[in-house]
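This is work.tsv. It holds TSV, C-alpha atoms.
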```tsv
chain	number	residue	atom	x	y	z
F	686	MET	CA	-25.70	43.28	50.14
F	687	THR	CA	-25.25	45.93	47.46
F	688	ARG	CA	-21.62	44.92	47.00
F	689	ILE	CA	-22.57	41.27	46.51
F	690	GLU	CA	-25.33	42.22	44.10
F	691	ASN	CA	-22.96	44.40	42.09
F	692	LYS	CA	-20.43	41.58	41.91
F	693	ALA	CA	-23.09	39.17	40.69
F	694	ALA	CA	-24.20	41.71	38.12
F	695	ARG	CA	-20.66	41.99	36.80
F	696	ARG	CA	-20.27	38.24	36.27
F	697	PRO	CA	-19.72	37.53	32.54
F	698	PHE	CA	-22.58	35.08	32.15
F	699	GLY	CA	-22.41	35.19	28.36
F	700	LEU	CA	-18.73	34.28	28.19
F	701	ALA	CA	-19.16	31.67	30.92
F	702	ALA	CA	-22.02	30.05	29.03
F	703	LEU	CA	-19.96	30.01	25.83
F	704	LEU	CA	-17.04	28.35	27.60
F	705	LEU	CA	-19.37	25.83	29.23
F	706	VAL	CA	-20.91	24.89	25.89
F	707	ALA	CA	-17.43	24.60	24.33
F	708	MET	CA	-16.24	22.38	27.18
F	709	VAL	CA	-19.20	20.03	26.82
F	710	ALA	CA	-18.89	19.93	23.02
F	711	PHE	CA	-15.14	19.23	23.10
F	712	ALA	CA	-15.60	16.52	25.73
F	713	ALA	CA	-18.34	14.88	23.63
F	714	LEU	CA	-16.10	14.93	20.56
F	715	GLY	CA	-13.28	13.37	22.57
F	716	VAL	CA	-15.52	10.57	23.84
F	717	TRP	CA	-16.81	9.98	20.30
F	718	GLN	CA	-13.25	9.63	18.98
F	719	VAL	CA	-12.46	7.11	21.73
F	720	GLN	CA	-15.50	5.09	20.66
F	721	ARG	CA	-14.39	5.31	17.02
F	722	MET	CA	-10.93	4.13	18.03
F	723	HIS	CA	-12.37	1.01	19.69
F	724	TRP	CA	-14.53	0.37	16.60
F	725	LYS	CA	-11.49	0.76	14.32
F	726	HIS	CA	-9.41	-1.67	16.39
F	727	ALA	CA	-12.21	-4.24	16.25
F	728	LEU	CA	-12.44	-3.76	12.46
F	729	ILE	CA	-8.68	-4.21	12.03
F	730	ALA	CA	-8.74	-7.40	14.11
F	731	ARG	CA	-11.64	-8.76	12.04
F	732	VAL	CA	-9.95	-7.94	8.73
F	733	GLU	CA	-6.63	-9.45	9.84
F	734	ALA	CA	-8.43	-12.66	10.74
F	735	ARG	CA	-10.18	-12.75	7.35
F	736	VAL	CA	-7.08	-12.06	5.28
F	737	HIS	CA	-5.29	-15.09	6.71
F	738	ALA	CA	-8.29	-17.42	6.99
F	739	ALA	CA	-8.98	-20.41	4.76
F	740	PRO	CA	-10.88	-19.34	1.61
F	741	VAL	CA	-14.63	-19.86	1.47
F	742	ALA	CA	-17.15	-19.98	-1.36
F	743	LEU	CA	-18.27	-16.68	-2.88
F	744	PRO	CA	-21.39	-15.49	-0.96
F	745	ALA	CA	-24.76	-15.27	-2.66
F	746	GLY	CA	-25.55	-12.15	-4.65
F	747	ALA	CA	-28.10	-10.85	-2.15
F	748	ARG	CA	-25.45	-10.74	0.58
F	749	LEU	CA	-23.10	-8.77	-1.66
F	750	ALA	CA	-25.58	-6.01	-2.48
F	751	GLY	CA	-26.29	-2.85	-0.53
F	752	THR	CA	-25.02	-2.15	2.96
F	753	GLY	CA	-24.36	-5.83	3.67
F	754	ALA	CA	-21.37	-5.78	1.32
F	755	GLY	CA	-19.33	-3.82	3.83
F	756	GLU	CA	-19.57	-6.65	6.34
F	757	LEU	CA	-17.97	-9.03	3.83
F	758	GLU	CA	-15.10	-6.83	2.68
F	759	TYR	CA	-11.68	-8.55	2.72
F	760	LEU	CA	-13.35	-11.94	3.11
F	761	ARG	CA	-11.00	-14.53	1.61
F	762	VAL	CA	-12.90	-16.42	-1.08
F	763	ARG	CA	-12.41	-19.05	-3.75
F	764	ALA	CA	-14.14	-18.79	-7.13
F	765	SER	CA	-13.89	-21.01	-10.22
F	766	GLY	CA	-14.78	-20.23	-13.81
F	767	VAL	CA	-13.48	-19.14	-17.20
F	768	TYR	CA	-11.90	-15.74	-17.84
F	769	GLN	CA	-13.53	-13.48	-20.41
F	770	ALA	CA	-10.14	-12.16	-21.51
F	771	ARG	CA	-11.50	-9.96	-24.32
F	772	ALA	CA	-13.25	-7.79	-21.68
F	773	THR	CA	-10.06	-7.01	-19.73
F	774	ALA	CA	-9.68	-3.41	-18.58
F	775	LEU	CA	-6.81	-1.54	-16.96
F	776	VAL	CA	-7.45	0.67	-13.92
F	777	ARG	CA	-4.95	3.22	-12.68
F	778	ALA	CA	-3.00	2.06	-9.62
F	779	ALA	CA	-0.22	3.18	-7.32
F	780	THR	CA	1.49	0.34	-5.45
F	781	GLU	CA	4.74	-0.56	-3.74
F	782	LEU	CA	5.96	-1.58	-7.21
F	783	GLY	CA	5.29	1.88	-8.61
F	784	THR	CA	2.54	3.38	-10.74
F	785	GLY	CA	0.71	1.37	-13.33
F	786	TYR	CA	-2.59	-0.47	-13.60
F	787	TRP	CA	-4.76	-3.08	-11.97
F	788	THR	CA	-5.69	-5.78	-14.49
F	789	MET	CA	-9.44	-6.30	-14.26
F	790	THR	CA	-10.83	-9.35	-16.06
F	791	PRO	CA	-14.35	-10.80	-15.67
F	792	LEU	CA	-14.61	-14.45	-14.65
F	793	ARG	CA	-17.68	-16.40	-15.77
F	794	LEU	CA	-18.37	-18.55	-12.73
F	795	GLU	CA	-19.51	-22.15	-12.75
F	796	ASP	CA	-22.86	-21.07	-11.25
F	797	GLY	CA	-23.49	-18.66	-14.16
F	798	ARG	CA	-22.60	-15.41	-12.41
F	799	THR	CA	-19.90	-13.06	-13.68
F	800	LEU	CA	-17.33	-11.76	-11.21
F	801	TRP	CA	-14.66	-9.16	-11.90
F	802	ILE	CA	-11.20	-10.27	-10.81
F	803	ASN	CA	-8.35	-7.88	-10.13
F	804	ARG	CA	-5.64	-10.21	-11.44
F	805	GLY	CA	-2.88	-7.93	-10.20
F	806	PHE	CA	-0.56	-5.08	-11.08
F	807	VAL	CA	1.09	-4.34	-14.41
F	808	PRO	CA	3.53	-1.44	-14.94
F	809	GLU	CA	2.98	1.85	-16.70
F	810	GLY	CA	2.89	1.50	-20.47
F	811	THR	CA	1.26	-1.96	-20.53
F	812	ALA	CA	-1.31	-2.30	-23.29
F	813	VAL	CA	-4.75	-3.72	-22.59
F	814	SER	CA	-4.19	-6.38	-25.24
F	815	ALA	CA	-0.97	-7.52	-23.54
F	816	ALA	CA	-2.67	-7.79	-20.14
F	817	ALA	CA	-5.60	-9.67	-21.66
F	818	ALA	CA	-3.30	-12.11	-23.44
F	819	SER	CA	-1.89	-13.29	-20.11
F	820	ALA	CA	-5.23	-14.59	-18.80
F	821	PRO	CA	-5.17	-18.41	-18.49
F	822	GLU	CA	-7.49	-20.33	-20.78
F	823	GLY	CA	-9.98	-22.91	-19.60
F	824	CYS	CA	-11.23	-23.35	-16.04
F	825	VAL	CA	-9.44	-21.22	-13.47
F	826	THR	CA	-9.74	-21.17	-9.68
F	827	VAL	CA	-8.99	-17.84	-8.07
F	828	VAL	CA	-8.27	-17.32	-4.38
F	829	GLY	CA	-8.38	-13.74	-3.17
F	830	LEU	CA	-9.97	-11.02	-1.08
F	831	LEU	CA	-13.51	-9.81	-1.67
F	832	ARG	CA	-13.73	-6.05	-2.23
F	833	ARG	CA	-16.55	-3.56	-2.66
F	834	SER	CA	-17.08	-1.84	-5.99
F	835	GLU	CA	-15.59	1.65	-6.28
F	836	PRO	CA	-18.21	3.78	-8.11
F	837	ALA	CA	-17.51	6.89	-10.16
F	838	GLY	CA	-13.74	7.23	-9.90
F	839	SER	CA	-10.97	8.32	-7.58
F	840	LEU	CA	-10.99	11.31	-5.27
F	841	LEU	CA	-9.37	13.52	-7.89
F	842	GLN	CA	-10.45	11.99	-11.21
F	843	SER	CA	-13.67	10.53	-12.56
F	844	ASN	CA	-13.75	7.44	-14.72
F	845	ARG	CA	-13.98	8.17	-18.44
F	846	PRO	CA	-15.49	5.05	-20.06
F	847	GLN	CA	-15.73	6.77	-23.43
F	848	ASP	CA	-11.92	7.08	-23.47
F	849	ASP	CA	-11.33	3.74	-21.71
F	850	ARG	CA	-9.68	5.58	-18.84
F	851	TRP	CA	-10.40	4.10	-15.43
F	852	TYR	CA	-9.39	5.47	-12.06
F	853	SER	CA	-11.44	3.19	-9.83
F	854	ARG	CA	-12.71	-0.37	-9.96
F	855	ASP	CA	-16.36	0.37	-10.66
F	856	VAL	CA	-17.62	-3.09	-11.63
F	857	ALA	CA	-21.00	-1.94	-12.98
F	858	ALA	CA	-19.43	0.71	-15.22
F	859	LEU	CA	-16.71	-1.69	-16.38
F	860	ALA	CA	-19.34	-4.30	-17.24
F	861	ALA	CA	-21.41	-1.77	-19.19
F	862	ALA	CA	-18.38	-0.55	-21.11
F	863	ARG	CA	-17.25	-4.08	-21.95
F	864	GLY	CA	-20.73	-5.45	-22.66
F	865	VAL	CA	-20.50	-8.42	-20.30
F	866	GLY	CA	-23.99	-8.08	-18.83
F	867	ALA	CA	-24.95	-8.28	-15.18
F	868	VAL	CA	-22.09	-8.84	-12.75
F	869	VAL	CA	-21.61	-9.60	-9.08
F	870	PRO	CA	-21.68	-6.21	-7.24
F	871	ALA	CA	-18.16	-6.71	-5.91
F	872	PHE	CA	-14.76	-7.83	-7.15
F	873	VAL	CA	-11.91	-10.01	-5.92
F	874	ASP	CA	-8.30	-8.98	-5.44
F	875	ALA	CA	-6.55	-12.15	-6.59
F	876	GLN	CA	-3.87	-13.66	-4.39
F	877	ALA	CA	-3.38	-16.79	-6.50
F	878	GLU	CA	-4.63	-18.39	-9.72
F	879	GLN	CA	-4.87	-22.14	-10.07
F	880	ALA	CA	-5.04	-23.11	-13.72
F	881	GLY	CA	-3.35	-25.07	-16.46
F	882	PRO	CA	-0.11	-23.94	-18.15
F	883	ALA	CA	-0.03	-20.16	-18.41
F	884	ARG	CA	0.18	-18.49	-21.78
F	885	SER	CA	3.67	-17.42	-22.75
F	886	THR	CA	2.43	-14.15	-24.22
F	887	GLY	CA	1.15	-11.06	-22.49
F	888	ALA	CA	2.09	-9.04	-19.45
F	889	ARG	CA	1.77	-11.19	-16.35
F	890	PRO	CA	0.04	-9.23	-13.56
F	891	VAL	CA	1.55	-9.34	-10.08
F	892	PRO	CA	-1.19	-10.45	-7.62
F	893	GLY	CA	-1.36	-10.14	-3.85
F	894	LEU	CA	-0.77	-6.38	-3.56
F	895	THR	CA	-3.97	-5.53	-1.70
F	896	GLN	CA	-3.33	-2.72	0.76
F	897	VAL	CA	-4.99	-3.61	4.03
F	898	ARG	CA	-4.31	-0.41	5.93
F	899	PHE	CA	-6.57	1.59	8.19
F	900	PRO	CA	-5.12	4.94	9.30
F	901	ASP	CA	-5.69	5.15	13.04
F	902	SER	CA	-5.62	8.79	14.08
F	903	HIS	CA	-8.56	8.58	16.47
F	904	LEU	CA	-6.39	8.62	19.59
F	905	THR	CA	-4.68	11.83	18.46
F	906	TYR	CA	-8.03	13.44	17.74
F	907	ALA	CA	-9.45	12.24	21.07
F	908	LEU	CA	-6.55	13.70	23.02
F	909	THR	CA	-6.85	16.97	21.10
F	910	TRP	CA	-10.57	17.34	21.80
F	911	LEU	CA	-10.18	16.39	25.47
F	912	ALA	CA	-7.33	18.88	25.84
F	913	MET	CA	-9.57	21.56	24.34
F	914	ALA	CA	-12.29	20.60	26.84
F	915	LEU	CA	-9.79	20.93	29.68
F	916	LEU	CA	-8.66	24.35	28.46
F	917	SER	CA	-12.28	25.46	28.21
F	918	ALA	CA	-12.86	24.30	31.80
F	919	VAL	CA	-9.78	26.19	33.01
F	920	GLY	CA	-10.92	29.30	31.13
F	921	LEU	CA	-14.39	29.01	32.64
F	922	ALA	CA	-12.99	28.74	36.16
F	923	PHE	CA	-10.63	31.70	35.60
F	924	VAL	CA	-13.33	33.96	34.17
F	925	TRP	CA	-15.77	33.10	36.94
F	926	ARG	CA	-13.26	33.63	39.75
F	927	ARG	CA	-12.01	36.95	38.38
F	928	ALA	CA	-15.50	38.39	37.97
```
In structure tokens, what does this structure look like?
Amino acid sequence: MTRIENKAARRPFGLAALLLVAMVAFAALGVWQVQRMHWKHALIARVEARVHAAPVALPAGARLAGTGAGELEYLRVRASGVYQARATALVRAATELGTGYWTMTPLRLEDGRTLWINRGFVPEGTAVSAAAASAPEGCVTVVGLLRRSEPAGSLLQSNRPQDDRWYSRDVAALAAARGVGAVVPAFVDAQAEQAGPARSTGARPVPGLTQVRFPDSHLTYALTWLAMALLSAVGLAFVWRRA
């Protein structure tokens, strides 16, 4: 009896408890990543369906505000109105065509709202005036993908309205800087413009460069966490048996 009691006393309960907690935590993280992976796959399928669907009318403003905007991202829409070319702004961009700018121009819609349109990419060195001069005159119908506003700036650089330097498509800040008043709290990445004869002057933006990519590393993370859980379980068994 004394021998058994001594063996029990020598058991490393503290280390065993630590390994048990680690095993449970790693397993939970692995399961969470599997759930995230399924959510991501569903999101990708939904976005792919939207990108190639027939365009619909721009949703009402209430649906585009707050958390509900995320549910409408990449919705393919059609909007008609007149470009406010004087308010054009250039936002830094890196695309498959190289580095340059997104050409952001507000569109005064037929229903009275103002919607920022990303008319497309122009190369490095393009002047704002040249990009603005390419906007079609008169009524224009734009077909494109609905996107959420990008407040503040990029990951590495903040927008600098005072210097007219933009690193993200922050529609509220752009509207304030250009004095266009209240705007729809989202913008559209143009895929096509339907209008009369285009102006011969100005730098023509290249539309249709929206990057619809969702890095999917959840499976790798899930396998890593589950492997760590398995190692913790093996360590727990080893420590307990050797005690």
Atomic distance CA of Asp874 in chain F - CA of Asp849 in chain F, expressed in Å with one decimal | 20.9 Å
Considering all atoms listed in the file, return as an MDAnalysis selection string whatever protein or nucleic-acid residues lie within 9 Å of Trp787 in chain F, sequence-local ones (same chain, fewer than 2 positions apart) excluded.
-> chainID F and resid 774:778 785 789 803:808 854 890
Counting all atoms listed in the file, closest pick from F:Gly766, F:Pro870, F:Gly893, F:Gly838 relative to Pro744 in chain F is F:Pro870
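Nearest to Leu859 in chain F of all the residues F:Ala871, F:Val736, F:Ala779, F:Ala747 is F:Ala871, counting all atoms listed in the file.
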Work out how far apart CA of Thr788 in chain F and CA of Val741 in chain F are and give it in Å to one decimal.
->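 Distance reported for this atom pair: 23.1 Å.
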Which value, in Å to one decimal, gives the distance between CA of Trp910 in chain F and CA of Gly699 in chain F?
-> 22.4 Å
Using only C-alpha atoms, pick whichever of F:Tyr768, F:Tyr906, F:Tyr786, F:Phe698 has the shortest atom-to-atom distance to Trp717 in chain F.
->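 With only C-alpha atoms as the atom set, the closest residue is F:Tyr906.
Residues lying within 12 Å of (-22.8, -12.3, -1.2). Counted over only C-alpha atoms, they are Val741, Ala742, Leu743, Pro744, Ala745, Gly746, Ala747, Arg748, Leu749, Ala750, Gly751, Thr752, Gly753, Ala754, Gly755, Glu756, Leu757, Glu758, Leu760, Val762, Arg798, Leu800, Leu831, Arg832, Arg833, Val869, Pro870, Ala871 and Phe872 of chain F.
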Please put the answer as lines of an AutoDock Vina configuration file: centre and edge lengths, in Å with one decimal, of a box along x, y and z that encloses all listed atoms of range 869-877 of chain F plus 6 Å on each side.
```
center_x = -12.5
center_y = -11.5
center_z = -6.7
size_x = 30.3
size_y = 22.6
size_z = 16.7
```
Check the smallest atom-to-atom distance from each of F:Glu733, F:Glu835, F:Glu878, F:Glu809 to Val767 in chain F using only C-alpha atoms, then report the winner.
->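 Comparing F:Glu733, F:Glu835, F:Glu878, F:Glu809 against Val767 in chain F, the winner is F:Glu878.
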Distance query Ala818 in chain F at most 12 Å, all atoms listed in the file, self and fewer than 2 positions along chain excluded, as JSON, numbers by chain | {"F": [768, 769, 770, 771, 772, 773, 774, 788, 790, 811, 812, 813, 814, 815, 816, 820, 821, 822, 883, 884, 885, 886, 887, 888, 889, 890]}
Just write the chosen residues, C-alpha atoms, as a compact mmCIF listing (two decimals), in the coordinates of the input.
```txt
# COMPACT_ATOMS: atom_id res chain seq x y z
CA TYR F 768 -11.90 -15.74 -17.84
CA GLN F 769 -13.53 -13.48 -20.41
CA ALA F 770 -10.14 -12.16 -21.51
CA ARG F 771 -11.50 -9.96 -24.32
CA ALA F 772 -13.25 -7.79 -21.68
CA THR F 773 -10.06 -7.01 -19.73
CA ALA F 774 -9.68 -3.41 -18.58
CA THR F 788 -5.69 -5.78 -14.49
CA THR F 790 -10.83 -9.35 -16.06
CA THR F 811 1.26 -1.96 -20.53
CA ALA F 812 -1.31 -2.30 -23.29
CA VAL F 813 -4.75 -3.72 -22.59
CA SER F 814 -4.19 -6.38 -25.24
CA ALA F 815 -0.97 -7.52 -23.54
CA ALA F 816 -2.67 -7.79 -20.14
CA ALA F 820 -5.23 -14.59 -18.80
CA PRO F 821 -5.17 -18.41 -18.49
CA GLU F 822 -7.49 -20.33 -20.78
CA ALA F 883 -0.03 -20.16 -18.41
CA ARG F 884 0.18 -18.49 -21.78
CA SER F 885 3.67 -17.42 -22.75
CA THR F 886 2.43 -14.15 -24.22
CA GLY F 887 1.15 -11.06 -22.49
CA ALA F 888 2.09 -9.04 -19.45
CA ARG F 889 1.77 -11.19 -16.35
CA PRO F 890 0.04 -9.23 -13.56
```
Counting only C-alpha atoms, what is within 10 Å of range 921-926 of chain F, bar same-chain residues fewer than 3 positions away, as a PDB file with C-alpha atoms, keeping the file's coordinate frame?
```pdb
ATOM      1  CA  ARG F 696     -20.270  38.240  36.270  1.00  0.00           C
ATOM      2  CA  PRO F 697     -19.720  37.530  32.540  1.00  0.00           C
ATOM      3  CA  PHE F 698     -22.580  35.080  32.150  1.00  0.00           C
ATOM      4  CA  LEU F 700     -18.730  34.280  28.190  1.00  0.00           C
ATOM      5  CA  ALA F 701     -19.160  31.670  30.920  1.00  0.00           C
ATOM      6  CA  ALA F 702     -22.020  30.050  29.030  1.00  0.00           C
ATOM      7  CA  LEU F 703     -19.960  30.010  25.830  1.00  0.00           C
ATOM      8  CA  LEU F 704     -17.040  28.350  27.600  1.00  0.00           C
ATOM      9  CA  LEU F 705     -19.370  25.830  29.230  1.00  0.00           C
ATOM     10  CA  ALA F 707     -17.430  24.600  24.330  1.00  0.00           C
ATOM     11  CA  MET F 708     -16.240  22.380  27.180  1.00  0.00           C
ATOM     12  CA  LEU F 915      -9.790  20.930  29.680  1.00  0.00           C
ATOM     13  CA  LEU F 916      -8.660  24.350  28.460  1.00  0.00           C
ATOM     14  CA  SER F 917     -12.280  25.460  28.210  1.00  0.00           C
ATOM     15  CA  ALA F 918     -12.860  24.300  31.800  1.00  0.00           C
TER      16      ALA F 918
END
```
Tell me, as an MDAnalysis selection string, which residues lie within 12 Å of Ala862 in chain F, counting all atoms listed in the file; anything in the same chain fewer than 3 positions away does not count.
-> chainID F and resid 772:774 844:851 855:859 865:867
Generate the output file for the selected residues, C-alpha atoms, as a PDB file, keeping the file's coordinate frame.
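The new file part_32.pdb reads:
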```pdb
ATOM      1  CA  ALA F 772     -13.250  -7.790 -21.680  1.00  0.00           C
ATOM      2  CA  THR F 773     -10.060  -7.010 -19.730  1.00  0.00           C
ATOM      3  CA  ALA F 774      -9.680  -3.410 -18.580  1.00  0.00           C
ATOM      4  CA  ASN F 844     -13.750   7.440 -14.720  1.00  0.00           C
ATOM      5  CA  ARG F 845     -13.980   8.170 -18.440  1.00  0.00           C
ATOM      6  CA  PRO F 846     -15.490   5.050 -20.060  1.00  0.00           C
ATOM      7  CA  GLN F 847     -15.730   6.770 -23.430  1.00  0.00           C
ATOM      8  CA  ASP F 848     -11.920   7.080 -23.470  1.00  0.00           C
ATOM      9  CA  ASP F 849     -11.330   3.740 -21.710  1.00  0.00           C
ATOM     10  CA  ARG F 850      -9.680   5.580 -18.840  1.00  0.00           C
ATOM     11  CA  TRP F 851     -10.400   4.100 -15.430  1.00  0.00           C
ATOM     12  CA  ASP F 855     -16.360   0.370 -10.660  1.00  0.00           C
ATOM     13  CA  VAL F 856     -17.620  -3.090 -11.630  1.00  0.00           C
ATOM     14  CA  ALA F 857     -21.000  -1.940 -12.980  1.00  0.00           C
ATOM     15  CA  ALA F 858     -19.430   0.710 -15.220  1.00  0.00           C
ATOM     16  CA  LEU F 859     -16.710  -1.690 -16.380  1.00  0.00           C
ATOM     17  CA  VAL F 865     -20.500  -8.420 -20.300  1.00  0.00           C
ATOM     18  CA  GLY F 866     -23.990  -8.080 -18.830  1.00  0.00           C
ATOM     19  CA  ALA F 867     -24.950  -8.280 -15.180  1.00  0.00           C
TER      20      ALA F 867
END
```
